[in-house]
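Engineer: This one is work29.cif, mmCIF, C-alpha atoms.
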data_target
#
loop_
_atom_site.label_atom_id
_atom_site.label_comp_id
_atom_site.auth_asym_id
_atom_site.auth_seq_id
_atom_site.Cartn_x
_atom_site.Cartn_y
_atom_site.Cartn_z
CA MET A 11 13.62 5.81 7.15
CA THR A 12 12.60 7.03 10.60
CA ILE A 13 13.59 10.21 12.44
CA ILE A 14 13.66 10.08 16.23
CA ARG A 15 13.87 13.33 18.18
CA GLY A 16 15.06 14.06 21.67
CA ALA A 17 16.46 16.75 23.96
CA ILE A 18 18.20 17.19 27.29
CA THR A 19 19.45 20.10 29.41
CA ILE A 20 22.69 20.57 31.30
CA LYS A 21 23.41 22.44 34.52
CA GLN A 22 26.33 24.42 33.17
CA ASP A 23 28.39 24.80 30.01
CA GLU A 24 31.22 22.43 30.82
CA LYS A 25 32.83 19.62 28.83
CA GLU A 26 32.01 16.92 31.40
CA GLU A 27 28.38 18.06 31.63
CA ILE A 28 27.95 17.89 27.86
CA GLN A 29 29.62 14.49 27.61
CA SER A 30 27.43 13.03 30.36
CA ALA A 31 24.19 14.52 28.97
CA VAL A 32 24.80 13.40 25.39
CA LYS A 33 25.64 9.87 26.52
CA GLU A 34 22.52 9.70 28.71
CA LEU A 35 20.23 11.04 25.97
CA LEU A 36 21.50 8.77 23.20
CA GLU A 37 21.47 5.66 25.35
CA GLU A 38 17.92 6.41 26.47
CA ILE A 39 16.76 6.86 22.85
CA VAL A 40 18.40 3.58 21.84
CA SER A 41 16.73 1.77 24.74
CA ALA A 42 13.27 3.36 24.25
CA ASN A 43 13.27 2.47 20.54
CA ASN A 44 14.98 -0.93 20.79
CA LEU A 45 17.69 0.18 18.38
CA LYS A 46 20.99 -1.29 17.33
CA ARG A 47 23.69 1.34 17.05
CA GLU A 48 24.64 0.24 13.56
CA GLU A 49 21.08 1.08 12.41
CA ILE A 50 21.70 4.77 13.09
CA LEU A 51 22.69 6.42 9.82
CA SER A 52 23.37 9.87 11.21
CA ILE A 53 22.91 11.99 14.32
CA VAL A 54 22.28 15.72 14.11
CA PHE A 55 22.67 17.91 17.21
CA SER A 56 21.62 21.49 17.78
CA SER A 57 22.39 23.31 20.99
CA THR A 58 21.34 26.65 22.44
CA SER A 59 23.75 29.55 22.01
CA ASP A 60 24.84 29.38 25.65
CA ILE A 61 26.56 26.02 24.98
CA HIS A 62 29.95 26.42 23.29
CA SER A 63 32.60 24.70 25.42
CA TYR A 64 32.32 21.32 23.67
CA TYR A 65 30.69 19.85 20.55
CA PRO A 66 27.83 17.40 21.30
CA ALA A 67 28.80 15.46 18.16
CA LYS A 68 32.27 14.85 19.59
CA ALA A 69 30.69 13.72 22.87
CA ALA A 70 28.53 11.27 20.87
CA ARG A 71 31.61 9.78 19.21
CA GLU A 72 33.25 9.36 22.59
CA ALA A 73 30.07 7.65 23.85
CA GLY A 74 30.44 4.89 21.27
CA PHE A 75 28.33 6.22 18.37
CA GLU A 76 31.30 6.51 16.01
CA SER A 77 29.65 4.40 13.29
CA SER A 78 27.13 7.19 12.52
CA SER A 79 27.61 10.43 10.66
CA LEU A 80 27.68 13.15 13.32
CA PHE A 81 26.81 16.84 13.00
CA SER A 82 26.53 19.72 15.47
CA ALA A 83 24.94 23.14 14.98
CA MET A 84 24.17 26.13 17.17
CA GLU A 85 20.62 27.49 17.42
CA PRO A 86 19.88 31.20 17.19
CA GLU A 87 19.19 32.85 20.50
CA ILE A 88 15.48 33.04 21.35
CA ASN A 89 14.19 35.35 24.08
CA GLY A 90 12.46 33.30 26.75
CA GLY A 91 13.64 30.02 25.24
CA LEU A 92 14.93 27.06 27.20
CA LYS A 93 18.53 27.54 28.32
CA LEU A 94 21.45 25.09 28.16
CA CYS A 95 19.55 22.67 25.96
CA ILE A 96 20.88 20.05 23.54
CA ARG A 97 18.47 18.72 20.89
CA VAL A 98 19.05 15.73 18.67
CA MET A 99 17.63 13.95 15.63
CA LEU A 100 18.55 10.35 14.87
CA PHE A 101 18.08 9.09 11.31
CA ILE A 102 17.31 5.35 11.31
CA GLU A 103 17.49 3.20 8.17
CA ARG A 104 14.33 1.18 8.89
CA ASN A 105 10.72 2.21 9.46
CA LEU A 106 9.53 1.95 13.06
CA LYS A 107 7.26 3.63 15.57
CA ALA A 108 9.41 6.46 16.90
CA HIS A 109 9.51 7.12 20.65
CA PRO A 110 10.92 10.60 21.27
CA VAL A 111 12.91 11.12 24.48
CA TYR A 112 12.98 14.40 26.42
CA LEU A 113 14.97 14.45 29.64
CA ARG A 114 15.51 16.81 32.57
CA ASP A 115 14.16 20.33 31.99
CA ALA A 116 13.73 19.55 28.28
CA LYS A 117 10.55 17.70 29.25
CA ALA A 118 8.85 21.10 29.10
CA LEU A 119 9.30 21.03 25.32
CA ARG A 120 6.98 18.06 24.93
CA LYS A 121 4.39 18.03 27.69
CA ASP A 122 2.25 15.76 25.55
CA LEU A 123 4.93 13.08 25.99
CA THR A 124 6.10 13.72 29.53
CA GLN A 125 2.92 14.68 31.42
CA LYS A 126 -0.38 12.90 31.85
CA ILE A 127 -3.07 14.52 29.72
CA ASN A 128 -6.71 13.67 29.16
CA ILE A 129 -8.57 14.63 25.98
CA ALA A 130 -12.37 14.57 26.07
CA ILE A 131 -14.33 14.44 22.81
CA ASP A 132 -18.12 14.57 22.98
CA GLY A 133 -20.71 14.61 20.25
CA PRO A 134 -23.81 12.97 18.79
CA SER A 135 -23.94 9.59 17.07
CA GLY A 136 -22.10 9.51 13.74
CA SER A 137 -20.21 12.76 14.27
CA GLY A 138 -16.90 10.99 13.74
CA LYS A 139 -15.64 11.39 17.30
CA SER A 140 -14.47 7.77 17.63
CA THR A 141 -12.48 7.92 14.39
CA VAL A 142 -10.86 11.19 15.44
CA ALA A 143 -10.19 9.98 18.99
CA LYS A 144 -8.45 6.83 17.73
CA ARG A 145 -6.23 8.83 15.39
CA LEU A 146 -5.28 11.32 18.08
CA ALA A 147 -4.42 8.52 20.49
CA LYS A 148 -2.24 6.88 17.86
CA ASP A 149 -0.50 10.09 16.83
CA TYR A 150 0.22 11.12 20.43
CA ASP A 151 1.01 7.55 21.45
CA ILE A 152 -1.50 7.56 24.30
CA LEU A 153 -4.42 5.36 25.27
CA TYR A 154 -7.76 5.44 23.42
CA LEU A 155 -10.65 4.49 25.70
CA ASP A 156 -13.80 3.64 23.76
CA THR A 157 -16.45 4.49 26.37
CA GLY A 158 -19.28 3.74 23.95
CA ALA A 159 -18.11 0.14 23.72
CA MET A 160 -18.56 -0.19 27.46
CA TYR A 161 -22.22 0.88 27.29
CA ARG A 162 -22.79 -1.32 24.25
CA ALA A 163 -21.44 -4.27 26.23
CA CYS A 164 -23.93 -3.50 29.02
CA ALA A 165 -26.75 -3.49 26.48
CA LEU A 166 -25.55 -6.77 24.99
CA LYS A 167 -25.41 -8.32 28.46
CA ALA A 168 -29.02 -7.31 29.08
CA ILE A 169 -30.18 -8.75 25.75
CA GLN A 170 -28.29 -12.00 26.31
CA SER A 171 -29.83 -12.28 29.76
CA GLY A 172 -33.35 -11.65 28.47
CA VAL A 173 -33.63 -8.43 30.46
CA ASN A 174 -35.52 -5.43 29.06
CA VAL A 175 -33.04 -2.55 28.69
CA GLU A 176 -35.59 -0.24 30.33
CA ASP A 177 -36.02 -2.51 33.37
CA GLU A 178 -33.90 -0.58 35.85
CA ARG A 179 -34.34 -3.04 38.72
CA ASN A 180 -33.04 -6.04 36.80
CA ILE A 181 -30.39 -3.99 35.03
CA PHE A 182 -29.16 -2.88 38.46
CA ASN A 183 -28.75 -6.52 39.45
CA LEU A 184 -26.83 -7.20 36.24
CA MET A 185 -24.45 -4.32 36.97
CA GLN A 186 -23.54 -5.79 40.34
CA SER A 187 -22.11 -8.91 38.75
CA ILE A 188 -21.25 -7.88 35.19
CA ASP A 189 -17.90 -9.26 34.04
CA LEU A 190 -16.72 -6.47 31.76
CA ALA A 191 -13.08 -5.83 30.98
CA ILE A 192 -11.14 -3.66 28.56
CA GLU A 193 -7.87 -4.91 27.14
CA TYR A 194 -5.49 -3.48 24.57
CA GLN A 195 -4.00 -5.78 22.00
CA ASN A 196 -1.82 -4.59 19.11
CA GLY A 197 -2.84 -1.00 19.77
CA SER A 198 -6.59 -1.71 19.66
CA GLN A 199 -9.20 -1.88 22.40
CA ILE A 200 -10.74 -5.28 22.97
CA THR A 201 -14.04 -5.45 24.84
CA LEU A 202 -14.48 -8.61 26.88
CA LEU A 203 -17.87 -9.64 28.25
CA ASP A 204 -17.90 -12.72 30.46
CA GLY A 205 -14.44 -13.46 29.14
CA ASN A 206 -15.54 -13.36 25.48
CA ASP A 207 -14.38 -10.85 22.88
CA VAL A 208 -17.55 -9.00 21.81
CA SER A 209 -15.80 -6.12 20.03
CA THR A 210 -17.55 -6.89 16.72
CA GLU A 211 -20.89 -8.05 18.11
CA ILE A 212 -21.54 -4.81 20.01
CA ARG A 213 -21.34 -2.80 16.76
CA GLN A 214 -24.60 -4.17 15.39
CA PRO A 215 -27.28 -1.48 14.76
CA HIS A 216 -29.80 -2.90 17.27
CA ILE A 217 -27.12 -2.88 19.98
CA SER A 218 -26.51 0.82 19.27
CA MET A 219 -30.12 1.70 20.02
CA ALA A 220 -30.19 -0.55 23.09
CA ALA A 221 -27.00 1.08 24.37
CA SER A 222 -28.58 4.51 24.09
CA THR A 223 -31.49 3.28 26.20
CA VAL A 224 -29.52 1.42 28.86
CA SER A 225 -27.03 4.27 29.25
CA LYS A 226 -29.84 6.46 30.63
CA LEU A 227 -30.05 4.33 33.75
CA PRO A 228 -28.22 5.74 36.80
CA CYS A 229 -26.92 2.34 37.89
CA VAL A 230 -25.28 1.76 34.52
CA ARG A 231 -23.74 5.20 34.23
CA GLN A 232 -22.38 5.08 37.77
CA LYS A 233 -20.70 1.75 37.16
CA MET A 234 -19.17 2.76 33.83
CA VAL A 235 -18.08 6.23 34.97
CA GLU A 236 -16.22 4.66 37.87
CA LYS A 237 -14.31 2.42 35.47
CA GLN A 238 -13.56 5.28 33.07
CA ARG A 239 -12.28 7.65 35.76
CA GLU A 240 -10.12 4.92 37.20
CA ILE A 241 -8.40 4.39 33.86
CA ALA A 242 -8.02 8.11 33.05
CA LYS A 243 -6.50 8.79 36.47
CA LYS A 244 -3.66 6.39 35.80
CA MET A 245 -2.56 7.41 32.31
CA SER A 246 -2.83 9.83 29.41
CA CYS A 247 -5.81 8.97 27.25
CA VAL A 248 -8.41 10.13 24.76
CA LEU A 249 -12.04 9.45 25.64
CA ASP A 250 -15.05 10.00 23.40
CA GLY A 251 -18.71 9.86 24.29
CA ARG A 252 -21.64 12.08 25.13
CA ASP A 253 -20.82 13.29 28.64
CA ILE A 254 -17.03 12.98 28.91
CA GLY A 255 -16.35 16.68 29.30
CA THR A 256 -19.42 17.38 31.44
CA VAL A 257 -19.59 14.37 33.78
CA VAL A 258 -16.89 11.73 33.38
CA LEU A 259 -13.85 14.05 33.23
CA PRO A 260 -15.07 17.58 34.01
CA ASP A 261 -11.48 18.62 34.79
CA ALA A 262 -9.97 17.27 31.57
CA GLU A 263 -7.29 19.58 30.18
CA PHE A 264 -8.68 19.42 26.65
CA LYS A 265 -12.34 19.28 25.66
CA PHE A 266 -13.94 19.21 22.22
CA PHE A 267 -17.53 18.90 21.00
CA LEU A 268 -17.67 17.35 17.54
CA THR A 269 -20.90 17.51 15.56
CA ALA A 270 -22.32 17.36 12.02
CA SER A 271 -25.74 17.54 10.36
CA PRO A 272 -28.03 14.46 10.70
CA GLU A 273 -27.84 13.89 6.94
CA VAL A 274 -24.06 13.77 6.94
CA ARG A 275 -23.93 11.55 10.00
CA ALA A 276 -26.48 9.15 8.52
CA LYS A 277 -24.45 8.88 5.31
CA ARG A 278 -21.29 8.16 7.28
CA ARG A 279 -22.98 5.44 9.31
CA PHE A 280 -24.60 3.97 6.17
CA ASP A 281 -21.22 3.74 4.43
CA GLU A 282 -19.59 2.25 7.54
CA LEU A 283 -22.20 -0.49 8.00
CA THR A 284 -22.38 -1.28 4.29
CA ALA A 285 -18.60 -1.70 4.19
CA LYS A 286 -18.91 -4.21 7.03
CA GLY A 287 -21.44 -6.25 5.06
CA TYR A 288 -24.66 -5.16 6.80
CA SER A 289 -27.80 -4.65 4.69
CA VAL A 290 -29.10 -1.25 5.82
CA ASP A 291 -31.34 1.55 4.59
CA TYR A 292 -30.17 5.18 4.60
CA GLU A 293 -33.54 6.69 5.52
CA THR A 294 -33.93 4.23 8.39
CA ILE A 295 -30.49 5.12 9.71
CA LYS A 296 -31.25 8.83 9.41
CA THR A 297 -34.49 8.38 11.37
CA GLU A 298 -32.67 6.38 14.04
CA ILE A 299 -29.98 9.04 14.36
CA ILE A 300 -32.54 11.81 14.81
CA GLN A 301 -34.38 9.70 17.38
CA ARG A 302 -31.16 8.96 19.20
CA ASP A 303 -30.25 12.66 19.25
CA ILE A 304 -33.58 13.42 20.92
CA GLN A 305 -33.11 10.59 23.37
CA ASP A 306 -29.52 11.46 24.21
CA THR A 307 -30.12 15.20 24.68
CA SER A 308 -33.33 14.82 26.71
CA ARG A 309 -32.37 12.11 29.18
CA GLU A 310 -32.33 13.17 32.82
CA ILE A 311 -28.99 11.56 33.67
CA SER A 312 -25.91 12.99 31.92
CA PRO A 313 -27.59 14.29 28.76
CA LEU A 314 -25.59 14.97 25.61
CA LYS A 315 -24.48 18.59 25.68
CA GLN A 316 -21.44 20.69 25.01
CA ALA A 317 -19.31 21.50 28.05
CA GLU A 318 -18.97 25.24 28.62
CA ASP A 319 -15.21 25.09 28.12
CA ALA A 320 -15.29 22.67 25.15
CA ILE A 321 -14.28 23.78 21.66
CA LEU A 322 -17.05 23.26 19.09
CA ILE A 323 -16.12 21.70 15.74
CA ASP A 324 -18.76 21.16 13.04
CA SER A 325 -17.37 18.48 10.73
CA SER A 326 -20.22 18.53 8.19
CA GLN A 327 -17.95 19.95 5.51
CA MET A 328 -14.64 18.71 6.92
CA SER A 329 -12.56 15.62 6.23
CA VAL A 330 -11.20 13.52 9.06
CA GLU A 331 -7.74 14.96 8.39
CA ALA A 332 -9.07 18.51 8.60
CA VAL A 333 -10.75 17.80 11.95
CA ILE A 334 -7.60 16.23 13.36
CA THR A 335 -5.49 19.16 12.19
CA ALA A 336 -7.90 21.62 13.84
CA ILE A 337 -7.83 19.73 17.13
CA LYS A 338 -4.05 19.36 17.11
CA SER A 339 -3.60 23.08 16.57
CA LYS A 340 -5.72 23.74 19.67
CA LEU A 341 -3.82 21.15 21.67
CA GLN A 342 -0.50 22.66 20.68
CA GLU A 343 -1.58 26.07 21.91
CA LYS A 344 -1.73 24.70 25.46
CA ILE A 345 0.92 21.97 25.40
#
What is this structure when it is put down as structure tokens?
Structural biologist:
Amino acid sequence: MTIIRGAITIKQDEKEEIQSAVKELLEEIVSANNLKREEILSIVFSSTSDIHSYYPAKAAREAGFESSSLFSAMEPEINGGLKLCIRVMLFIERNLKAHPVYLRDAKALRKDLTQKINIAIDGPSGSGKSTVAKRLAKDYDILYLDTGAMYRACALKAIQSGVNVEDERNIFNLMQSIDLAIEYQNGSQITLLDGNDVSTEIRQPHISMAASTVSKLPCVRQKMVEKQREIAKKMSCVLDGRDIGTVVLPDAEFKFFLTASPEVRAKRRFDELTAKGYSVDYETIKTEIIQRDIQDTSREISPLKQAEDAILIDSSQMSVEAVITAIKSKLQEKI
């Protein structure tokens, strides 16, 4: 079963206003969720105490939703609450990805759905920021932009072209003609390099180290930051990296800095790579992580650091679920 929520406001407490608003809200929910009316088991309305001239449930029946069980209730009066508002919950018999609908002034109830927001998550390698960012994007039904994949693709391009990742002159030339695209298929980011899907190839350990090196170059960062800002300007998204909150999106509404001890991060990376079939050594990974921390925090261009207005979260003793819950609670305070 799936529950789909929605809300709408009316201009004044009149029968015609309520009938029109209920019809608009229900039809929009049906359209947004690709529903058949017979799939709706029941519809539950609640309206603010300043609405009493007509039952929303009766308006729903008149709008053609007579096959569902219909209920109406009045909400207690809340000082400072939204006025003349009708809320609804639709109970659907099948499981689906719910798309809530908030119309008119009710949009203020769910700014995360109705306004463009950008969430920046920075942190060192292995801190879990990508896992958390993907989950947040899925839960809030917004775009996840894997910025690290973009730098990894640049490193892979250099290696394929036989160019030293520290050779800024030749890397600059590569950046002028690099064919790098990001696509989203079935809710996942696909990284295309020269038209080829390299999403798996760029996750190899040696590409990780090369990406850290190539990302220090101004020509690479400039090119990638341009692409990232362009995407974030158009839509709500979650970005994770090392300089999202400080350089890429300094004006992002929400900023977090996620970290953990080197030992914990090395263990996480070891388990991840082992699960993917790679033969790796824990101590080697730990050494590489410490080296990468030094490299990332000491580079001249966009070093890894916590933005002044970012919220620090140390996940060393926290599960992924605990981190996500902590971030969501902070998001909700502002949304």
Engineer: Skipping near chain neighbours, those fewer than 2 positions away, what residues fall within 12 Å of Ser56 of chain A using only C-alpha atoms, listed as a ChimeraX atom specification?
Structural biologist: /A:15-19,32,53-54,58-62,65-67,80-87,94-100
Engineer: Written as a CSV table (one decimal) with C-alpha atoms, in the coordinates of the input, which residues does the PyMOL selection byres ((chain A and resi 21) around 10) give for the file shown?
Structural biologist:
chain,number,residue,atom,x,y,z
A,19,THR,CA,19.4,20.1,29.4
A,20,ILE,CA,22.7,20.6,31.3
A,22,GLN,CA,26.3,24.4,33.2
A,23,ASP,CA,28.4,24.8,30.0
A,24,GLU,CA,31.2,22.4,30.8
A,27,GLU,CA,28.4,18.1,31.6
A,28,ILE,CA,28.0,17.9,27.9
A,31,ALA,CA,24.2,14.5,29.0
A,93,LYS,CA,18.5,27.5,28.3
A,94,LEU,CA,21.4,25.1,28.2
A,95,CYS,CA,19.6,22.7,26.0
A,114,ARG,CA,15.5,16.8,32.6
A,115,ASP,CA,14.2,20.3,32.0
Engineer: Compare A:Lys148, A:Lys226, A:Arg252, A:Arg278 by their minimum atom-to-atom distance to Ile181 of chain A, counting all atoms listed in the file, and give me the closest one.
Structural biologist: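 When distances to Ile181 of chain A are compared using all atoms listed in the file, the smallest one comes from A:Lys226.
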Engineer: Which residues, written as a count of residues only, have at least one atom at most 10 Å from Ser140 of chain A, with only C-alpha atoms counted and residues fewer than 5 positions away on the same chain left out?
Structural biologist: 15
Engineer: What does the distance from atom CA of Val230 of chain A to atom CA of Cys164 of chain A come to in Å, to one decimal?
Structural biologist: 7.7 Å
Engineer: On this file, the PyMOL selection byres ((chain A and resi 258) around 9) gives some set of residues; write that set as number ranges by chain.
Structural biologist: A: 235-236, 238-239, 253-257, 259-261
Engineer: If we count all atoms listed in the file and set the cut-off at 12 Å, which residues sit around Leu51 of chain A, ignoring sequence neighbours fewer than 4 positions away in its own chain? Please answer as an mmCIF file with C-alpha atoms, in the coordinates of the input.
Structural biologist:
data_model
loop_
_atom_site.group_PDB
_atom_site.id
_atom_site.type_symbol
_atom_site.label_atom_id
_atom_site.label_comp_id
_atom_site.auth_asym_id
_atom_site.auth_seq_id
_atom_site.Cartn_x
_atom_site.Cartn_y
_atom_site.Cartn_z
ATOM 1 C CA MET A 11 13.620 5.810 7.150
ATOM 2 C CA THR A 12 12.600 7.030 10.600
ATOM 3 C CA ILE A 13 13.590 10.210 12.440
ATOM 4 C CA ILE A 14 13.660 10.080 16.230
ATOM 5 C CA LEU A 45 17.690 0.180 18.380
ATOM 6 C CA LYS A 46 20.990 -1.290 17.330
ATOM 7 C CA ARG A 47 23.690 1.340 17.050
ATOM 8 C CA PHE A 75 28.330 6.220 18.370
ATOM 9 C CA GLU A 76 31.300 6.510 16.010
ATOM 10 C CA SER A 77 29.650 4.400 13.290
ATOM 11 C CA SER A 78 27.130 7.190 12.520
ATOM 12 C CA SER A 79 27.610 10.430 10.660
ATOM 13 C CA LEU A 80 27.680 13.150 13.320
ATOM 14 C CA PHE A 81 26.810 16.840 13.000
ATOM 15 C CA MET A 99 17.630 13.950 15.630
ATOM 16 C CA LEU A 100 18.550 10.350 14.870
ATOM 17 C CA PHE A 101 18.080 9.090 11.310
ATOM 18 C CA ILE A 102 17.310 5.350 11.310
ATOM 19 C CA GLU A 103 17.490 3.200 8.170
ATOM 20 C CA ARG A 104 14.330 1.180 8.890
#
Engineer: From (-21.1, 3.3, 27.3), in the file's coordinates, out to 7 Å: which residues are reached, counting only C-alpha atoms? Answer as an MDAnalysis selection string.
Structural biologist: chainID A and resid 157:162 221 225 234
Engineer: Using the block above, I'd like segment 183-197 of chain A written out, keeping N, CA, C and O atoms and formatting it as a PDB file, in the first residue's frame.
Structural biologist:
ATOM      1  N   ASN A 183      45.077  20.975 -22.505  1.00  0.00           N
ATOM      2  CA  ASN A 183      44.648  20.671 -23.876  1.00  0.00           C
ATOM      3  C   ASN A 183      43.538  19.619 -23.892  1.00  0.00           C
ATOM      4  O   ASN A 183      42.598  19.700 -24.687  1.00  0.00           O
ATOM      5  N   LEU A 184      43.646  18.623 -22.999  1.00  0.00           N
ATOM      6  CA  LEU A 184      42.613  17.594 -22.920  1.00  0.00           C
ATOM      7  C   LEU A 184      41.263  18.195 -22.502  1.00  0.00           C
ATOM      8  O   LEU A 184      40.211  17.810 -23.020  1.00  0.00           O
ATOM      9  N   MET A 185      41.324  19.150 -21.577  1.00  0.00           N
ATOM     10  CA  MET A 185      40.092  19.754 -21.061  1.00  0.00           C
ATOM     11  C   MET A 185      39.354  20.562 -22.132  1.00  0.00           C
ATOM     12  O   MET A 185      38.137  20.734 -22.063  1.00  0.00           O
ATOM     13  N   GLN A 186      40.086  21.053 -23.115  1.00  0.00           N
ATOM     14  CA  GLN A 186      39.446  21.847 -24.160  1.00  0.00           C
ATOM     15  C   GLN A 186      38.571  20.996 -25.068  1.00  0.00           C
ATOM     16  O   GLN A 186      37.624  21.501 -25.687  1.00  0.00           O
ATOM     17  N   SER A 187      38.893  19.709 -25.144  1.00  0.00           N
ATOM     18  CA  SER A 187      38.158  18.855 -26.080  1.00  0.00           C
ATOM     19  C   SER A 187      37.528  17.628 -25.417  1.00  0.00           C
ATOM     20  O   SER A 187      37.001  16.762 -26.111  1.00  0.00           O
ATOM     21  N   ILE A 188      37.565  17.568 -24.080  1.00  0.00           N
ATOM     22  CA  ILE A 188      37.048  16.380 -23.408  1.00  0.00           C
ATOM     23  C   ILE A 188      35.548  16.217 -23.665  1.00  0.00           C
ATOM     24  O   ILE A 188      34.772  17.173 -23.580  1.00  0.00           O
ATOM     25  N   ASP A 189      35.148  15.019 -24.001  1.00  0.00           N
ATOM     26  CA  ASP A 189      33.749  14.694 -24.255  1.00  0.00           C
ATOM     27  C   ASP A 189      33.210  13.980 -23.019  1.00  0.00           C
ATOM     28  O   ASP A 189      33.239  12.756 -22.931  1.00  0.00           O
ATOM     29  N   LEU A 190      32.752  14.776 -22.072  1.00  0.00           N
ATOM     30  CA  LEU A 190      32.273  14.244 -20.793  1.00  0.00           C
ATOM     31  C   LEU A 190      30.817  14.645 -20.601  1.00  0.00           C
ATOM     32  O   LEU A 190      30.462  15.819 -20.711  1.00  0.00           O
ATOM     33  N   ALA A 191      29.984  13.665 -20.344  1.00  0.00           N
ATOM     34  CA  ALA A 191      28.565  13.933 -20.148  1.00  0.00           C
ATOM     35  C   ALA A 191      28.031  13.136 -18.972  1.00  0.00           C
ATOM     36  O   ALA A 191      28.533  12.057 -18.662  1.00  0.00           O
ATOM     37  N   ILE A 192      27.029  13.700 -18.318  1.00  0.00           N
ATOM     38  CA  ILE A 192      26.364  13.036 -17.195  1.00  0.00           C
ATOM     39  C   ILE A 192      24.919  12.788 -17.594  1.00  0.00           C
ATOM     40  O   ILE A 192      24.201  13.710 -17.977  1.00  0.00           O
ATOM     41  N   GLU A 193      24.500  11.546 -17.490  1.00  0.00           N
ATOM     42  CA  GLU A 193      23.118  11.196 -17.783  1.00  0.00           C
ATOM     43  C   GLU A 193      22.524  10.458 -16.592  1.00  0.00           C
ATOM     44  O   GLU A 193      23.250   9.925 -15.754  1.00  0.00           O
ATOM     45  N   TYR A 194      21.210  10.437 -16.533  1.00  0.00           N
ATOM     46  CA  TYR A 194      20.527   9.784 -15.422  1.00  0.00           C
ATOM     47  C   TYR A 194      19.571   8.750 -15.977  1.00  0.00           C
ATOM     48  O   TYR A 194      18.663   9.070 -16.737  1.00  0.00           O
ATOM     49  N   GLN A 195      19.860   7.507 -15.635  1.00  0.00           N
ATOM     50  CA  GLN A 195      19.071   6.392 -16.141  1.00  0.00           C
ATOM     51  C   GLN A 195      18.585   5.549 -14.958  1.00  0.00           C
ATOM     52  O   GLN A 195      19.384   5.106 -14.141  1.00  0.00           O
ATOM     53  N   ASN A 196      17.275   5.364 -14.893  1.00  0.00           N
ATOM     54  CA  ASN A 196      16.671   4.581 -13.803  1.00  0.00           C
ATOM     55  C   ASN A 196      17.085   5.085 -12.430  1.00  0.00           C
ATOM     56  O   ASN A 196      17.355   4.318 -11.508  1.00  0.00           O
ATOM     57  N   GLY A 197      17.165   6.425 -12.301  1.00  0.00           N
ATOM     58  CA  GLY A 197      17.479   7.026 -11.020  1.00  0.00           C
ATOM     59  C   GLY A 197      18.952   7.028 -10.651  1.00  0.00           C
ATOM     60  O   GLY A 197      19.305   7.432  -9.549  1.00  0.00           O
TER      61      GLY A 197
END
